[in-house]
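Everything below belongs to target.csv, which stores CSV, C-alpha atoms.
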```csv
chain,number,residue,atom,x,y,z
E,1,MET,CA,138.3,105.3,75.4
E,2,ASN,CA,137.8,107.1,78.7
E,3,SER,CA,134.4,108.0,80.1
E,4,ARG,CA,134.5,111.5,78.8
E,5,ASP,CA,135.0,110.2,75.3
E,6,VAL,CA,132.2,107.7,75.8
E,7,ARG,CA,129.9,110.5,76.9
E,8,ARG,CA,130.8,112.6,73.9
E,9,GLU,CA,130.1,109.7,71.5
E,10,PHE,CA,126.7,109.2,73.1
E,11,ASP,CA,126.0,112.9,72.8
E,12,ARG,CA,126.9,112.8,69.2
E,13,MET,CA,124.7,109.7,68.6
E,14,ALA,CA,121.8,111.5,70.4
E,15,ALA,CA,122.3,114.6,68.3
E,16,GLN,CA,122.3,112.5,65.1
E,17,ARG,CA,119.1,110.8,66.1
E,18,MET,CA,117.5,114.1,66.9
E,19,ARG,CA,118.5,115.4,63.5
E,20,LEU,CA,117.3,112.3,61.7
E,21,HIS,CA,114.3,111.4,63.8
E,22,SER,CA,111.8,111.9,61.0
E,23,GLY,CA,112.7,108.9,58.9
E,24,GLY,CA,115.7,108.0,61.1
E,25,VAL,CA,115.8,105.7,64.1
E,26,PRO,CA,112.7,105.9,66.3
E,27,LEU,CA,113.5,108.0,69.3
E,28,HIS,CA,112.1,105.6,71.9
E,29,VAL,CA,114.5,102.8,71.0
E,30,ALA,CA,117.0,102.3,73.9
E,31,LEU,CA,120.4,101.7,72.5
E,32,GLY,CA,123.4,100.3,74.4
E,33,GLY,CA,126.1,101.5,72.1
E,34,ARG,CA,127.3,102.8,68.7
E,35,PRO,CA,127.0,99.5,66.8
E,36,SER,CA,123.2,99.5,67.4
E,37,VAL,CA,122.9,102.8,65.6
E,38,SER,CA,125.4,102.0,62.9
E,39,LEU,CA,123.7,98.8,62.0
E,40,ARG,CA,120.3,100.6,61.7
E,41,PHE,CA,121.7,103.1,59.3
E,42,LYS,CA,123.6,100.5,57.4
E,43,MET,CA,120.4,98.5,56.9
E,44,LYS,CA,118.5,101.6,55.8
E,45,ARG,CA,121.3,102.4,53.3
E,46,LEU,CA,121.1,98.9,51.9
E,47,GLY,CA,117.4,99.3,51.5
E,48,PHE,CA,116.3,96.8,54.1
E,49,GLY,CA,113.2,97.8,56.1
E,50,LEU,CA,113.8,97.7,59.8
E,51,ASP,CA,110.5,95.8,60.3
E,52,ARG,CA,111.6,92.8,58.3
E,53,PRO,CA,111.9,89.7,60.6
E,54,GLU,CA,115.5,88.8,59.7
E,55,VAL,CA,116.6,92.4,60.1
E,56,ASN,CA,114.8,92.6,63.4
E,57,ASP,CA,116.5,89.5,64.6
E,58,LEU,CA,119.9,90.9,63.7
E,59,LEU,CA,119.1,94.2,65.4
E,60,GLU,CA,117.9,92.4,68.5
E,61,LEU,CA,121.1,90.4,68.7
E,62,VAL,CA,123.4,93.5,68.4
E,63,ASP,CA,121.2,95.5,70.8
E,64,SER,CA,121.4,92.7,73.3
E,65,VAL,CA,125.2,92.5,73.0
E,66,GLU,CA,125.6,96.2,73.4
E,67,TYR,CA,123.1,96.3,76.3
E,68,GLN,CA,125.1,93.5,78.1
E,69,LYS,CA,128.3,95.4,77.5
E,70,SER,CA,126.9,98.6,78.9
E,71,MET,CA,125.4,96.8,81.9
E,72,SER,CA,128.7,95.2,82.7
E,73,GLN,CA,130.1,98.6,83.5
E,74,MET,CA,127.2,99.4,85.9
E,75,PRO,CA,127.1,98.9,89.6
E,76,MET,CA,125.5,95.8,90.9
E,77,SER,CA,122.5,97.7,92.2
E,78,ILE,CA,121.6,99.0,88.7
E,79,ARG,CA,122.1,95.6,87.2
E,80,TYR,CA,119.8,94.1,89.8
E,81,ALA,CA,117.2,96.8,89.3
E,82,THR,CA,117.0,96.3,85.5
E,83,VAL,CA,116.3,92.6,85.7
E,84,SER,CA,112.6,92.1,84.9
E,85,ARG,CA,110.7,90.1,87.4
E,86,PRO,CA,107.0,89.4,88.1
E,87,ARG,CA,105.3,92.2,90.0
E,88,ARG,CA,104.1,91.4,93.5
E,89,GLU,CA,100.3,91.3,93.5
E,90,ARG,CA,98.7,93.7,95.9
E,91,ARG,CA,96.5,91.8,98.2
E,92,VAL,CA,93.4,93.6,99.3
E,93,TRP,CA,91.6,92.1,102.3
E,94,GLY,CA,88.0,92.7,103.3
E,95,PHE,CA,85.3,90.3,102.1
E,96,LYS,CA,84.6,86.7,102.9
E,97,LYS,CA,82.0,84.4,101.3
F,1,MET,CA,96.7,100.2,88.7
F,2,SER,CA,94.9,97.6,86.7
F,3,GLU,CA,92.4,95.1,87.9
F,4,ALA,CA,95.0,92.4,87.4
F,5,ASP,CA,97.3,94.0,90.0
F,6,THR,CA,95.1,93.4,92.9
F,7,SER,CA,93.7,90.2,94.4
F,8,THR,CA,90.7,90.2,96.7
F,9,GLU,CA,90.4,87.8,99.6
F,10,GLY,CA,87.4,85.7,99.2
F,11,GLY,CA,85.1,88.0,97.4
F,12,SER,CA,84.6,90.4,94.5
F,13,ARG,CA,85.9,93.9,94.6
F,14,PRO,CA,83.3,96.6,94.8
F,15,THR,CA,83.1,98.5,91.6
F,16,GLN,CA,82.7,101.9,93.1
F,17,GLY,CA,82.4,103.5,96.5
F,18,PRO,CA,82.8,101.9,99.9
F,19,ALA,CA,80.9,98.7,99.9
F,20,SER,CA,78.2,97.8,102.3
F,21,ALA,CA,79.0,95.2,105.0
F,22,LYS,CA,77.2,92.6,102.9
F,23,GLU,CA,78.2,92.7,99.2
F,24,GLY,CA,76.9,90.2,96.8
F,25,GLY,CA,76.9,87.2,99.2
F,26,SER,CA,80.2,88.3,100.7
F,27,VAL,CA,80.5,89.6,104.3
F,28,TRP,CA,82.9,92.4,105.2
F,29,VAL,CA,85.6,91.6,107.8
F,30,PRO,CA,88.1,93.9,109.4
F,31,ALA,CA,91.8,93.6,109.1
F,32,PRO,CA,93.2,90.5,111.0
F,33,ARG,CA,95.0,92.6,113.6
F,34,LEU,CA,91.7,94.5,114.2
F,35,MET,CA,89.9,91.2,114.7
F,36,GLU,CA,92.5,90.2,117.2
F,37,LEU,CA,91.6,93.2,119.4
F,38,LEU,CA,87.8,93.2,118.7
F,39,TYR,CA,86.9,89.6,119.0
F,40,SER,CA,86.3,88.3,122.6
F,41,GLU,CA,89.5,87.0,124.2
F,42,GLY,CA,90.4,83.5,123.1
F,43,THR,CA,88.3,83.5,119.9
F,44,SER,CA,90.1,81.8,117.0
F,45,PHE,CA,89.9,83.0,113.4
F,46,ILE,CA,91.8,82.6,110.1
F,47,ASP,CA,93.9,85.6,109.0
F,48,HIS,CA,94.9,86.7,105.5
F,49,THR,CA,97.8,84.3,105.3
F,50,GLY,CA,95.5,81.3,106.1
F,51,GLN,CA,97.0,81.0,109.6
F,52,SER,CA,94.9,80.6,112.7
F,53,ARG,CA,95.1,83.4,115.2
F,54,GLU,CA,93.7,83.8,118.7
F,55,ALA,CA,92.1,87.1,119.8
F,56,VAL,CA,93.5,89.0,122.7
F,57,GLY,CA,90.3,91.0,123.0
F,58,THR,CA,91.9,94.2,124.4
F,59,GLY,CA,94.1,97.1,123.2
F,60,ILE,CA,93.9,100.4,121.4
F,61,ILE,CA,93.0,100.9,117.7
F,62,PRO,CA,94.1,104.4,116.5
F,63,ILE,CA,92.4,105.4,113.2
F,64,VAL,CA,94.5,108.2,111.6
F,65,GLY,CA,93.2,110.2,108.7
F,66,SER,CA,92.6,113.8,107.6
F,67,ALA,CA,89.2,115.4,108.0
F,68,ARG,CA,86.4,113.7,106.0
F,69,SER,CA,88.6,110.7,105.2
F,70,GLY,CA,86.1,108.3,106.8
F,71,LYS,CA,87.7,107.7,110.2
F,72,THR,CA,84.4,107.8,112.1
F,73,ALA,CA,82.6,105.8,109.4
F,74,LEU,CA,85.2,103.1,109.7
F,75,ALA,CA,84.9,103.1,113.5
F,76,TYR,CA,81.1,102.5,113.2
F,77,SER,CA,81.7,99.8,110.6
F,78,LEU,CA,83.9,98.1,113.2
F,79,ILE,CA,81.3,98.6,115.9
F,80,GLU,CA,78.7,97.0,113.6
F,81,TRP,CA,81.0,94.1,113.0
F,82,VAL,CA,81.5,93.7,116.8
F,83,ILE,CA,77.7,93.8,117.4
F,84,GLU,CA,77.2,91.0,114.8
F,85,ASN,CA,80.1,88.8,115.7
F,86,THR,CA,80.6,89.1,119.5
F,87,ASN,CA,78.6,89.8,122.6
F,88,ARG,CA,80.7,92.7,123.7
F,89,PRO,CA,79.0,95.9,124.8
F,90,ILE,CA,79.7,99.2,123.0
F,91,ALA,CA,80.5,102.5,124.8
F,92,LEU,CA,80.4,105.7,122.7
F,93,LEU,CA,82.5,107.7,125.2
F,94,GLY,CA,81.4,111.3,125.9
F,95,LEU,CA,79.1,111.5,122.8
F,96,PRO,CA,75.8,113.3,123.0
F,97,ASP,CA,72.5,111.4,123.6
F,98,LYS,CA,71.5,112.2,120.1
F,99,THR,CA,74.0,109.7,118.7
F,100,LEU,CA,72.1,106.9,120.4
F,101,GLU,CA,69.1,107.8,118.3
F,102,SER,CA,71.0,107.4,115.1
F,103,ILE,CA,72.2,103.8,115.7
F,104,PRO,CA,69.9,100.9,114.7
F,105,GLU,CA,67.2,100.3,117.3
F,106,ALA,CA,68.0,96.6,117.6
F,107,TRP,CA,71.4,97.5,119.1
F,108,ARG,CA,70.3,100.0,121.7
F,109,ASN,CA,70.5,97.5,124.6
F,110,ARG,CA,74.2,96.9,123.7
F,111,VAL,CA,75.2,100.6,123.1
F,112,SER,CA,75.6,103.3,125.7
F,113,ASN,CA,77.3,106.8,125.8
F,114,PRO,CA,78.9,107.1,129.2
F,115,GLU,CA,81.2,109.9,130.3
F,116,VAL,CA,84.8,109.1,129.6
F,117,GLU,CA,85.5,109.1,133.4
F,118,LYS,CA,83.1,106.2,133.8
F,119,MET,CA,85.3,103.9,131.8
F,120,VAL,CA,87.1,102.7,135.0
F,121,GLU,CA,83.8,101.4,136.3
F,122,PHE,CA,83.0,99.1,133.4
F,123,LYS,CA,82.1,95.6,134.5
F,124,ARG,CA,82.2,94.0,131.0
F,125,PRO,CA,84.8,93.9,128.2
F,126,ALA,CA,83.4,96.8,126.2
F,127,VAL,CA,84.5,98.2,122.9
F,128,CYS,CA,84.8,101.9,123.4
F,129,LEU,CA,84.9,104.7,120.8
F,130,LEU,CA,86.7,107.9,121.5
F,131,ASP,CA,85.9,110.1,118.5
F,132,ASP,CA,88.3,112.9,117.4
F,133,THR,CA,90.6,112.1,120.1
F,134,ALA,CA,92.9,115.0,119.5
F,135,VAL,CA,90.2,117.4,120.8
F,136,ILE,CA,90.1,115.8,124.2
F,137,LEU,CA,93.4,114.1,124.3
F,138,ASN,CA,96.0,116.5,122.9
F,139,SER,CA,99.6,115.9,123.9
F,140,ARG,CA,99.8,119.6,124.7
F,141,ASP,CA,97.3,119.0,127.4
F,142,SER,CA,98.9,115.9,128.8
F,143,GLY,CA,99.1,117.6,132.2
F,144,THR,CA,95.3,117.9,132.5
F,145,ASN,CA,93.4,115.7,134.9
F,146,PHE,CA,91.5,114.2,132.0
F,147,ALA,CA,94.6,113.3,130.0
F,148,LYS,CA,96.3,111.9,133.1
F,149,TYR,CA,93.3,109.8,133.7
F,150,LEU,CA,93.3,108.3,130.2
F,151,SER,CA,97.0,107.6,130.2
F,152,ARG,CA,96.6,105.7,133.5
F,153,ILE,CA,93.7,103.7,132.0
F,154,ALA,CA,95.9,102.8,129.0
F,155,GLY,CA,98.3,100.9,131.4
F,156,VAL,CA,95.5,98.8,132.8
F,157,ILE,CA,93.1,98.6,129.9
F,158,SER,CA,93.3,94.8,129.8
F,159,HIS,CA,92.2,94.7,133.5
F,160,ILE,CA,89.1,96.8,133.4
F,161,GLY,CA,85.9,94.9,132.8
F,162,GLY,CA,87.9,91.9,131.7
F,163,GLY,CA,89.7,93.8,128.9
F,164,LEU,CA,88.6,96.9,127.0
F,165,THR,CA,89.2,97.7,123.4
F,166,LEU,CA,89.5,101.5,122.7
F,167,ILE,CA,88.9,102.8,119.2
F,168,LEU,CA,90.5,106.3,118.8
F,169,THR,CA,89.9,108.5,115.7
F,170,THR,CA,92.4,111.2,115.2
F,171,GLN,CA,93.8,113.5,112.4
F,172,SER,CA,97.3,113.1,113.6
F,173,MET,CA,99.3,110.9,115.9
F,174,SER,CA,101.1,113.9,117.1
F,175,GLY,CA,97.9,115.0,118.8
F,176,ILE,CA,97.7,111.9,121.0
F,177,ASP,CA,99.5,111.6,124.2
F,178,LEU,CA,102.4,109.0,123.8
F,179,SER,CA,101.5,107.2,127.0
F,180,LEU,CA,98.3,106.0,125.4
F,181,THR,CA,100.1,104.1,122.7
F,182,ARG,CA,103.0,102.9,124.9
F,183,TYR,CA,101.6,100.4,127.2
F,184,THR,CA,99.2,98.1,125.4
F,185,ASN,CA,98.4,96.2,122.2
F,186,LEU,CA,98.0,98.5,119.2
F,187,ALA,CA,96.3,97.9,115.9
F,188,SER,CA,97.0,101.1,114.0
F,189,VAL,CA,94.9,102.0,110.9
F,190,VAL,CA,95.6,104.7,108.3
F,191,ARG,CA,93.1,106.3,106.0
F,192,MET,CA,93.8,109.2,103.6
F,193,VAL,CA,96.2,111.7,105.2
F,194,ASP,CA,96.9,115.0,103.6
F,195,ARG,CA,100.7,114.8,102.8
F,196,TRP,CA,101.2,118.4,103.9
F,197,THR,CA,100.2,117.4,107.5
F,198,LEU,CA,103.0,114.8,107.5
F,199,ARG,CA,105.4,117.7,108.1
F,200,THR,CA,104.1,118.1,111.6
F,201,GLU,CA,103.4,114.4,112.2
F,202,ARG,CA,105.2,112.6,115.0
F,203,THR,CA,108.5,111.5,113.5
F,204,SER,CA,108.2,107.8,114.5
F,205,TRP,CA,104.9,107.6,112.5
F,206,VAL,CA,105.8,109.5,109.3
F,207,ASP,CA,107.4,106.6,107.4
F,208,ASP,CA,104.6,104.2,108.2
F,209,ILE,CA,101.8,106.7,107.3
F,210,SER,CA,103.6,107.7,104.1
F,211,HIS,CA,104.0,104.0,103.1
F,212,ALA,CA,100.3,103.5,103.8
F,213,GLN,CA,99.4,106.5,101.6
F,214,ASN,CA,101.4,105.0,98.7
F,215,GLU,CA,99.6,101.6,99.0
F,216,LEU,CA,96.1,103.2,99.3
F,217,GLU,CA,96.6,105.5,96.4
F,218,ALA,CA,97.7,102.5,94.2
F,219,VAL,CA,94.4,100.7,94.6
F,220,SER,CA,91.7,103.2,95.6
F,221,ARG,CA,89.1,104.3,93.1
F,222,MET,CA,87.5,107.0,95.2
F,223,LYS,CA,88.1,110.6,96.1
F,224,TYR,CA,89.8,110.9,99.5
F,225,LEU,CA,90.6,107.1,99.2
F,226,ARG,CA,87.4,106.3,101.1
F,227,ASP,CA,87.0,102.8,99.8
F,228,VAL,CA,90.2,101.5,101.5
F,229,TYR,CA,92.2,101.7,104.7
F,230,PHE,CA,95.6,100.4,105.6
F,231,SER,CA,96.4,98.1,108.6
F,232,LEU,CA,99.9,98.9,109.6
F,233,HIS,CA,100.4,95.8,111.8
F,234,ASP,CA,99.4,93.5,109.0
F,235,ASP,CA,101.0,95.6,106.3
F,236,LEU,CA,97.7,95.1,104.4
F,237,ILE,CA,95.4,97.1,102.3
F,238,CYS,CA,91.8,96.5,103.3
F,239,TYR,CA,88.4,97.5,101.9
F,240,ALA,CA,86.3,99.9,104.0
F,241,THR,CA,82.5,99.8,104.2
F,242,PHE,CA,80.0,102.5,104.8
F,243,PRO,CA,77.5,101.7,107.6
F,244,HIS,CA,73.9,101.9,106.3
F,245,PHE,CA,72.8,103.8,109.4
F,246,TYR,CA,75.6,106.4,109.3
F,247,ASP,CA,74.3,110.0,109.3
F,248,ASP,CA,75.4,113.5,110.1
F,249,VAL,CA,74.9,113.1,113.9
F,250,LEU,CA,77.4,110.2,114.0
F,251,SER,CA,79.7,111.9,111.5
F,252,ARG,CA,79.9,115.2,113.4
F,253,PRO,CA,78.9,114.5,116.9
F,254,TYR,CA,80.4,117.6,118.4
F,255,GLN,CA,78.0,119.7,116.4
F,256,TYR,CA,75.1,118.1,118.3
F,257,MET,CA,76.5,118.5,121.8
F,258,SER,CA,75.1,120.9,124.3
F,259,LYS,CA,76.9,124.2,124.4
F,260,GLU,CA,78.2,123.6,127.9
F,261,MET,CA,79.6,120.2,127.0
F,262,ARG,CA,81.3,121.5,123.9
F,263,ARG,CA,82.8,124.3,125.9
F,264,ARG,CA,84.0,121.9,128.5
F,265,ILE,CA,85.6,119.5,126.0
F,266,ILE,CA,87.0,121.9,123.4
F,267,LEU,CA,87.7,125.0,125.4
F,268,ARG,CA,88.5,123.2,128.6
F,269,ALA,CA,86.7,125.9,130.5
F,270,LYS,CA,86.5,123.9,133.6
F,271,ASP,CA,90.2,123.1,133.7
F,272,LYS,CA,91.3,126.7,133.0
F,273,GLN,CA,88.9,128.1,135.6
F,274,LYS,CA,90.3,125.7,138.2
F,275,LYS,CA,93.8,126.5,137.3
F,276,LYS,CA,93.5,130.3,137.1
F,277,GLY,CA,90.5,130.8,139.3
F,278,GLY,CA,89.2,133.3,137.0
F,279,ASP,CA,86.7,133.7,134.1
F,280,GLU,CA,89.1,133.9,131.2
F,281,ASP,CA,86.9,131.8,129.0
F,282,GLU,CA,83.9,134.1,129.3
```
What does this structure look like when you write it as structure tokens?
Amino acid sequence: MNSRDVRREFDRMAAQRMRLHSGGVPLHVALGGRPSVSLRFKMKRLGFGLDRPEVNDLLELVDSVEYQKSMSQMPMSIRYATVSRPRRERRVWGFKK
Amino acid sequence: MSEADTSTEGGSRPTQGPASAKEGGSVWVPAPRLMELLYSEGTSFIDHTGQSREAVGTGIIPIVGSARSGKTALAYSLIEWVIENTNRPIALLGLPDKTLESIPEAWRNRVSNPEVEKMVEFKRPAVCLLDDTAVILNSRDSGTNFAKYLSRIAGVISHIGGGLTLILTTQSMSGIDLSLTRYTNLASVVRMVDRWTLRTERTSWVDDISHAQNELEAVSRMKYLRDVYFSLHDDLICYATFPHFYDDVLSRPYQYMSKEMRRRIILRAKDKQKKKGGDEDE
């Protein structure tokens, strides 16, 4: 699948999500690829609530795999920037006991 | 910016407004680089990293900020700190006599307001304040006798009176003659600067001042960011205080000058008359 096809597929996913957003997948969920969406729909069709812990674990696993897959195609700078790390504390100087 | 994102050195953070110099048992101290220039030469102190530093006791402290950002208030906070922590005399260069009436009475034997030209005659390592420098030290006027005099002084500032420290307040570094910042120790301080004025700021200062604005905006809780200032040489955000004696005379000294003095400094009547031999300023 070339990059144009990938973009089309993501556009289609986005369109689906827009159409289904009331009762569909929450819009703020960041998805790495198609399986993340498919699995959510599959779970809904099977009657499993997305907030159940076992479903949540499964979704997290698939999301994580898709996320890693997506990141592996990104440049090093983007991969570096997305790694969460503790934020530097801002030191403010001015008073002494 | 949440409370958890900032840490305060050795004291609690003021809840609102610039704190006074003594806040809940804590004492206000200037940025480490400022202390290097304001303490008497050879004095040791501990900086923000816990390292010991030794003061050089001479140099120039430019305080940059837009109008009403608290440049002069910070300058007087530094002067108050110098009075309480050193035995250096204070010279409020070229300011009207009325300013001496506004400072605390206990300091009056340490503070004077000589003409700028008298600086070369100082016998002791004074801390001098040159307020709103751009008015009297504009780079466009670098050819005037007065600007020439000051740029020469900058080169030998460490020799006069055993080493002077000059505090300059200015709205833009582009208004200051480069020679003043070229020859000696600098401890540059940034307060709130209107970002539109950065378009005309001296190129070499734009990045630093812009960085300082980002840092100050992240922690300040006051309009015009008056509770904090940024020390460029320490790369450090610092709390500002508001001197208890600070009033309108100290804040706007040019308003209280005699008409002749104001004309001489702002309109440069004397210089122009000499140059053109006429009465263009009338």
### Query
Which one of E:Met76, E:Val92, E:Met71, E:Leu50 sits closest to chain F if you count all atoms listed in the file?
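Ranked by minimum distance to chain F, first place goes to E:Val92.
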#### Entry: Leu78 of chain F environment, 9 Å, all atoms listed in the file, sequence neighbours closer than 4 positions dropped, as an NGL selection string
:F and (29-30 or 34 or 38 or 73-74 or 82-83)
### Query
Which distance in Å separates atom CA of Arg12 of chain E and atom CA of Leu61 of chain E, to one decimal?
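So the two atoms, atom CA of Arg12 of chain E and atom CA of Leu61 of chain E, lie 23.1 Å apart.
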### Minimum-distance residue to chain E, chosen among F:Asp97, F:Asp235, F:Glu115, F:Glu201 (using all atoms listed in the file)
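Answer, going by the shortest atom-to-atom distance: F:Asp235.
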### Task
Tell me, in Å to one decimal, how far atom CA of Lys69 of chain E is from atom CA of Val55 of chain E.
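These atoms are spaced 21.2 Å apart.
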Repaired coordinates for segment 48-61 of chain E (N, CA and C atoms) as a compact mmCIF listing (two decimals), keeping the file's coordinate frame:
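Produced file part37.txt, reproduced below:
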```
# COMPACT_ATOMS: atom_id res chain seq x y z
N PHE E 48 117.10 97.74 53.36
CA PHE E 48 116.30 96.80 54.10
C PHE E 48 115.41 97.49 55.11
N GLY E 49 114.15 97.19 55.12
CA GLY E 49 113.20 97.80 56.10
C GLY E 49 113.51 97.25 57.49
N LEU E 50 113.47 98.14 58.49
CA LEU E 50 113.80 97.70 59.80
C LEU E 50 112.73 96.77 60.44
N ASP E 51 111.58 96.71 59.77
CA ASP E 51 110.50 95.80 60.30
C ASP E 51 110.57 94.43 59.73
N ARG E 52 111.54 94.16 58.85
CA ARG E 52 111.60 92.80 58.30
C ARG E 52 112.13 91.84 59.41
N PRO E 53 111.58 90.63 59.47
CA PRO E 53 111.90 89.70 60.60
C PRO E 53 113.41 89.43 60.70
N GLU E 54 114.08 89.18 59.57
CA GLU E 54 115.50 88.80 59.70
C GLU E 54 116.34 90.01 60.12
N VAL E 55 115.93 91.22 59.68
CA VAL E 55 116.60 92.40 60.10
C VAL E 55 116.39 92.66 61.61
N ASN E 56 115.16 92.44 61.97
CA ASN E 56 114.80 92.60 63.40
C ASN E 56 115.58 91.68 64.28
N ASP E 57 115.75 90.41 63.86
CA ASP E 57 116.50 89.50 64.60
C ASP E 57 117.97 89.93 64.82
N LEU E 58 118.52 90.42 63.70
CA LEU E 58 119.90 90.90 63.70
C LEU E 58 120.05 92.09 64.67
N LEU E 59 119.09 93.02 64.56
CA LEU E 59 119.10 94.20 65.40
C LEU E 59 119.00 93.83 66.90
N GLU E 60 118.11 92.89 67.15
CA GLU E 60 117.90 92.40 68.50
C GLU E 60 119.19 91.86 69.12
N LEU E 61 119.90 91.06 68.26
CA LEU E 61 121.10 90.40 68.70
C LEU E 61 122.18 91.50 69.05
```
